[in-house]
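File shown: entry_22.cif. Contents: mmCIF, C-alpha atoms.
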data_query
#
loop_
_atom_site.label_atom_id
_atom_site.label_comp_id
_atom_site.auth_asym_id
_atom_site.auth_seq_id
_atom_site.Cartn_x
_atom_site.Cartn_y
_atom_site.Cartn_z
CA MET A 746 0.00 0.00 0.00
CA ILE A 747 2.90 2.34 0.73
CA GLU A 748 4.15 1.83 -2.84
CA TYR A 749 0.91 3.16 -4.35
CA ALA A 750 0.89 6.14 -2.00
CA LEU A 751 4.53 6.86 -2.87
CA THR A 752 3.75 6.69 -6.59
CA PHE A 753 0.93 9.20 -6.08
CA GLY A 754 3.27 11.36 -4.01
CA PHE A 755 6.00 11.35 -6.66
CA VAL A 756 3.51 12.29 -9.38
CA ALA A 757 1.94 15.08 -7.29
CA VAL A 758 5.24 16.60 -6.19
CA SER A 759 6.63 16.42 -9.74
CA ALA A 760 3.54 18.18 -11.06
CA ALA A 761 4.00 20.82 -8.33
CA LEU A 762 7.62 21.29 -9.44
CA LEU A 763 6.48 21.79 -13.04
CA MET A 764 3.96 24.42 -11.90
CA ASN A 765 6.72 26.19 -9.96
CA LEU A 766 8.91 26.09 -13.04
CA TRP A 767 6.14 27.76 -15.05
CA ARG A 768 5.89 30.52 -12.45
CA LEU A 769 9.68 30.85 -12.43
CA ALA A 770 9.74 31.29 -16.21
CA SER A 771 6.76 33.65 -16.51
CA GLY A 772 6.66 35.53 -13.19
CA PRO A 773 6.08 39.21 -13.93
CA THR A 774 8.22 40.56 -11.05
CA VAL A 775 11.51 39.51 -9.51
CA MET A 776 9.86 38.60 -6.20
CA ASP A 777 7.60 36.12 -8.02
CA ARG A 778 10.72 34.30 -9.17
CA VAL A 779 12.18 34.34 -5.66
CA VAL A 780 8.98 32.78 -4.29
CA ALA A 781 9.00 30.21 -7.10
CA VAL A 782 12.58 29.12 -6.32
CA ASP A 783 11.82 28.94 -2.59
CA THR A 784 8.79 26.74 -3.23
CA MET A 785 10.83 24.57 -5.59
CA VAL A 786 13.39 23.88 -2.88
CA ILE A 787 10.64 22.96 -0.39
CA ASN A 788 9.15 20.59 -2.97
CA ILE A 789 12.58 19.05 -3.56
CA ILE A 790 12.86 18.46 0.20
CA ALA A 791 9.53 16.60 0.08
CA LEU A 792 10.81 14.59 -2.91
CA ILE A 793 13.97 13.63 -1.01
CA ILE A 794 11.91 12.52 2.01
CA LEU A 795 9.62 10.42 -0.21
CA TYR A 796 12.65 8.85 -1.91
CA GLY A 797 14.07 8.05 1.54
CA ILE A 798 10.86 6.15 2.35
CA TRP A 799 11.05 4.41 -1.05
CA VAL A 800 14.58 3.01 -0.61
CA GLN A 801 14.11 2.52 3.19
CA THR A 802 17.13 4.51 4.32
CA THR A 803 17.67 7.48 6.62
CA LEU A 804 20.74 8.63 4.69
CA TYR A 805 19.14 11.56 2.90
CA PHE A 806 17.67 13.48 5.84
CA GLU A 807 20.82 15.51 6.43
CA SER A 808 20.78 16.68 2.82
CA ALA A 809 17.13 17.68 3.25
CA LEU A 810 18.03 19.67 6.37
CA LEU A 811 20.90 21.38 4.56
CA LEU A 812 18.61 22.25 1.65
CA ALA A 813 16.06 23.76 4.06
CA MET A 814 18.69 25.97 5.68
CA PHE A 815 20.19 26.98 2.35
CA SER A 816 16.79 27.86 0.91
CA PHE A 817 15.91 30.06 3.90
CA ILE A 818 19.24 31.92 3.88
CA SER A 819 19.27 32.49 0.12
CA THR A 820 15.67 33.74 0.06
CA VAL A 821 16.25 36.16 2.94
CA ALA A 822 19.50 37.39 1.38
CA CYS A 823 17.83 37.94 -2.00
CA SER A 824 14.92 39.84 -0.41
CA ARG A 825 17.30 41.96 1.67
CA PHE A 826 19.35 42.76 -1.39
CA LEU A 827 16.31 43.82 -3.41
CA LEU A 828 14.95 45.82 -0.46
CA ARG A 829 18.06 47.64 0.73
CA GLY A 830 20.62 47.20 -2.05
CA ASP A 831 22.90 45.43 0.42
CA VAL A 832 22.77 42.09 2.25
CA ILE A 833 24.61 42.95 5.48
CA GLU A 834 24.73 46.62 6.39
CA MET B 643 4.94 -4.38 8.75
CA ASN B 644 1.66 -3.89 10.55
CA PRO B 645 -1.06 -3.15 7.94
CA TYR B 646 -2.59 -0.42 10.11
CA LEU B 647 0.78 1.33 10.31
CA GLU B 648 1.09 1.02 6.53
CA MET B 649 -2.34 2.61 6.14
CA LEU B 650 -1.30 5.44 8.46
CA ILE B 651 1.93 6.07 6.52
CA ALA B 652 0.12 5.95 3.16
CA PHE B 653 -2.55 8.35 4.46
CA HIS B 654 0.06 10.89 5.55
CA ILE B 655 1.96 10.60 2.26
CA VAL B 656 -1.20 11.10 0.19
CA VAL B 657 -2.43 14.06 2.25
CA GLY B 658 1.02 15.70 2.22
CA ALA B 659 1.50 15.29 -1.53
CA PHE B 660 -2.01 16.60 -2.15
CA PHE B 661 -1.34 19.76 -0.15
CA ILE B 662 2.02 20.28 -1.89
CA ALA B 663 0.25 20.14 -5.26
CA VAL B 664 -2.48 22.51 -4.00
CA GLY B 665 0.11 25.04 -2.82
CA SER B 666 1.95 25.03 -6.12
CA TYR B 667 -1.35 25.27 -8.03
CA GLY B 668 -2.16 28.36 -5.97
CA LEU B 669 1.22 29.76 -6.94
CA ILE B 670 0.26 29.75 -10.62
CA LYS B 671 -3.46 30.48 -10.15
CA PHE B 672 -3.67 33.62 -8.01
CA PRO B 673 -3.57 37.06 -9.70
CA ASP B 674 -0.85 38.97 -7.82
CA LEU B 675 2.09 38.24 -5.55
CA MET B 676 0.45 39.09 -2.23
CA SER B 677 -2.19 36.44 -2.97
CA ARG B 678 0.32 34.02 -4.40
CA LEU B 679 2.32 34.01 -1.17
CA HIS B 680 -0.53 32.17 0.59
CA GLY B 681 0.00 28.97 -1.39
CA PRO B 682 3.70 28.29 -0.68
CA SER B 683 3.75 29.66 2.84
CA LYS B 684 0.77 27.70 4.18
CA ALA B 685 -0.30 24.76 2.01
CA THR B 686 3.17 23.65 0.92
CA THR B 687 4.52 23.81 4.47
CA LEU B 688 1.62 21.65 5.67
CA GLY B 689 2.30 19.18 2.85
CA VAL B 690 5.98 18.84 3.72
CA GLY B 691 4.96 18.37 7.35
CA GLY B 692 2.71 15.48 6.30
CA CYS B 693 5.50 13.79 4.34
CA LEU B 694 7.90 14.21 7.28
CA ILE B 695 5.40 12.67 9.73
CA ALA B 696 4.98 9.73 7.32
CA SER B 697 8.76 9.29 7.19
CA MET B 698 9.01 9.45 10.98
CA ILE B 699 6.36 6.72 11.43
CA HIS B 700 8.12 4.66 8.74
CA VAL B 701 11.49 4.81 10.49
CA ALA B 702 9.88 4.06 13.87
CA ALA B 703 8.06 1.03 12.44
CA LEU B 704 11.06 -0.26 10.49
CA GLU B 705 13.91 0.21 12.96
CA GLY B 706 12.06 0.70 16.25
CA ARG B 707 13.71 4.00 17.13
CA LEU B 708 12.59 7.63 17.11
CA SER B 709 14.20 9.56 14.26
CA ILE B 710 15.00 13.11 15.30
CA GLN B 711 16.10 14.56 11.94
CA GLU B 712 12.52 14.78 10.64
CA LEU B 713 11.50 16.71 13.72
CA LEU B 714 14.40 19.11 13.12
CA ILE B 715 13.40 19.64 9.48
CA THR B 716 9.76 20.14 10.48
CA PHE B 717 10.57 22.70 13.16
CA PHE B 718 12.97 24.52 10.86
CA LEU B 719 10.48 24.71 7.99
CA PHE B 720 7.62 25.78 10.27
CA LEU B 721 9.81 28.50 11.79
CA THR B 722 11.27 29.84 8.55
CA ALA B 723 8.14 29.86 6.33
CA PRO B 724 6.53 32.95 7.99
CA VAL B 725 9.88 34.79 8.10
CA THR B 726 10.45 34.14 4.41
CA ALA B 727 6.91 35.26 3.51
CA HIS B 728 7.34 38.43 5.58
CA PHE B 729 10.61 39.36 3.87
CA VAL B 730 9.25 38.66 0.40
CA ALA B 731 6.09 40.68 1.04
CA LYS B 732 8.10 43.61 2.43
CA ALA B 733 10.47 43.63 -0.53
CA TYR B 734 7.48 43.45 -2.90
CA LEU B 735 5.74 46.38 -1.16
CA HIS B 736 8.83 48.54 -1.37
CA THR B 737 9.80 47.71 -4.95
CA GLU B 738 6.51 47.28 -6.85
CA VAL B 739 3.66 49.00 -4.95
CA ASP B 740 2.88 52.72 -4.84
CA PRO B 741 1.71 53.30 -1.22
CA ASP B 742 -0.37 56.38 -2.01
CA ARG B 743 -2.50 54.86 -4.74
CA GLU B 744 -2.57 51.08 -4.35
CA LEU B 745 -2.77 50.52 -0.58
CA PRO B 746 -5.92 51.08 1.53
CA LYS B 747 -5.87 53.87 4.11
CA THR B 748 -5.25 53.03 7.75
CA SER B 749 -7.85 54.01 10.33
CA GLY B 750 -5.56 55.90 12.73
CA ARG B 751 -3.33 58.94 12.45
CA TYR B 752 -0.36 56.99 11.16
CA GLY B 753 0.06 55.34 7.79
CA TRP B 754 1.61 52.00 6.94
CA SER B 755 4.48 51.53 9.38
CA THR B 756 6.90 49.97 6.89
CA PHE B 757 6.71 53.08 4.67
CA GLU B 758 6.77 55.61 7.53
CA SER B 759 9.91 54.05 8.97
CA VAL B 760 11.61 54.53 5.60
CA GLU B 761 10.80 58.27 5.61
CA ASP B 762 11.93 58.82 9.21
CA GLU B 763 15.20 56.95 8.90
CA PRO B 764 18.15 58.99 7.55
CA LEU B 765 19.65 57.75 4.31
CA ALA B 766 22.93 55.88 4.24
CA GLU B 767 24.73 58.81 2.56
CA ASP B 768 23.55 61.23 5.28
CA ARG B 769 24.79 58.95 8.02
CA ALA B 770 28.17 58.67 6.28
CA VAL B 771 28.34 62.49 6.07
CA ASP B 772 27.43 62.82 9.76
CA ALA B 773 30.08 60.34 10.81
CA SER B 774 32.85 61.99 8.83
#
For this file, produce the structure as structure tokens.
Amino acid sequence: MIEYALTFGFVAVSAALLMNLWRLASGPTVMDRVVAVDTMVINIIALIILYGIWVQTTLYFESALLLAMFSFISTVACSRFLLRGDVIE
Amino acid sequence: MNPYLEMLIAFHIVVGAFFIAVGSYGLIKFPDLMSRLHGPSKATTLGVGGCLIASMIHVAALEGRLSIQELLITFFLFLTAPVTAHFVAKAYLHTEVDPDRELPKTSGRYGWSTFESVEDEPLAEDRAVDAS
């Protein structure tokens, strides 16, 4: 039963990634693209977690944690730079 | 594995993946950025939380121990999603929105605090002149 749920999960998260890619390509403003990249990284974290369930290993959780931290820092830095023209004042 | 545990894991995976898809669909469906922020910051975070709970139950059922990394990822994502949305919304307000025409009036004496603080604060060049 877990296999069917995982197949559904992979399909849904991949479709979500494609939707984010469409927003990334066609977003009218820069902040739209920032939000699209941030959402893409969160979806990739979900994909890594689902793959970890699929192959029955806990090896990939550290990479998911690193991706979460990296996504937060890069989004905040990008917003700061667009807002103030400088990341650390 | 216990079939009831399998059902529980499958339920969490399906619900989480569904909410991830809903959040990303909101990202392409809503008309402007302030509406679009709702999808990723709420629905997608809930979906990732569902997938992480499923993974935690899976590890507990398979190896009989409590996996702490998923809890860390969940706490980190739930803490950083509002901060990210706040920063993005503030940058959007200051770069794309005209506060006099496009924002509704406040009820009190003061206007929108994020714009008033910009006017009150001295510019970086002025501070450099004062220091030198």
In Å to one decimal, how far is atom CA of Gly692 of chain B from atom CA of Phe806 of chain A?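 Between these atoms lies a distance of 15.1 Å.
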Applying 10 Å and all atoms listed in the file, which residues near Glu748 of chain A remain after dropping the ones on its own chain fewer than 6 positions away? List them as an MDAnalysis selection string. (chainID A and resid 754 798:799) or (chainID B and resid 648 652)
Would you mind listing, as a list of chain:residue names, all residues of chain A that have at least one atom within 6 Å of chain B, where only C-alpha atoms are what counts?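 The answer, sorted by residue number, is A:Ile747, A:Ala750, A:Gly754, A:Ala757, A:Ala761, A:Arg768, A:Thr784, A:Ala791, A:Leu810, A:Ser824, A:Leu828.
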Suppose you want the space between atom CA of Val758 of chain A and atom CA of Met746 of chain A; what is it in Å?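 Atom CA of Met746 of chain A lies at a distance of 18.5 Å from atom CA of Val758 of chain A.
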With 3 Å on each side, where is the centre of the axis-aligned box around all listed atoms of segment 749-764 of chain A, and how long are its edges in Å to one decimal, as lines of an AutoDock Vina configuration file?
center_x = 4.3
center_y = 13.8
center_z = -7.5
size_x = 12.7
size_y = 27.3
size_z = 17.0
Record the distance separating atom CA of Pro673 of chain B and atom CA of Arg825 of chain A, expressed in Å with one decimal.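 Result for atom CA of Pro673 of chain B versus atom CA of Arg825 of chain A: 24.3 Å, one decimal.
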Could you pull the residues within 9 Å of Ile793 of chain A, counting all atoms listed in the file, minus those fewer than 4 positions along the same chain, as a PyMOL selection string? chain A and resi 788-789+797-798+805-806+808-809
With C-alpha atoms retained, could you export that selection as a short mmCIF file (atom, residue, chain, number, x, y, z; two decimals), in the coordinates of the input?
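And here is the file that came out, part12.cif:
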data_model
loop_
_atom_site.label_atom_id
_atom_site.label_comp_id
_atom_site.auth_asym_id
_atom_site.auth_seq_id
_atom_site.Cartn_x
_atom_site.Cartn_y
_atom_site.Cartn_z
CA ASN A 788 9.15 20.59 -2.97
CA ILE A 789 12.58 19.05 -3.56
CA GLY A 797 14.07 8.05 1.54
CA ILE A 798 10.86 6.15 2.35
CA TYR A 805 19.14 11.56 2.90
CA PHE A 806 17.67 13.48 5.84
CA SER A 808 20.78 16.68 2.82
CA ALA A 809 17.13 17.68 3.25
#
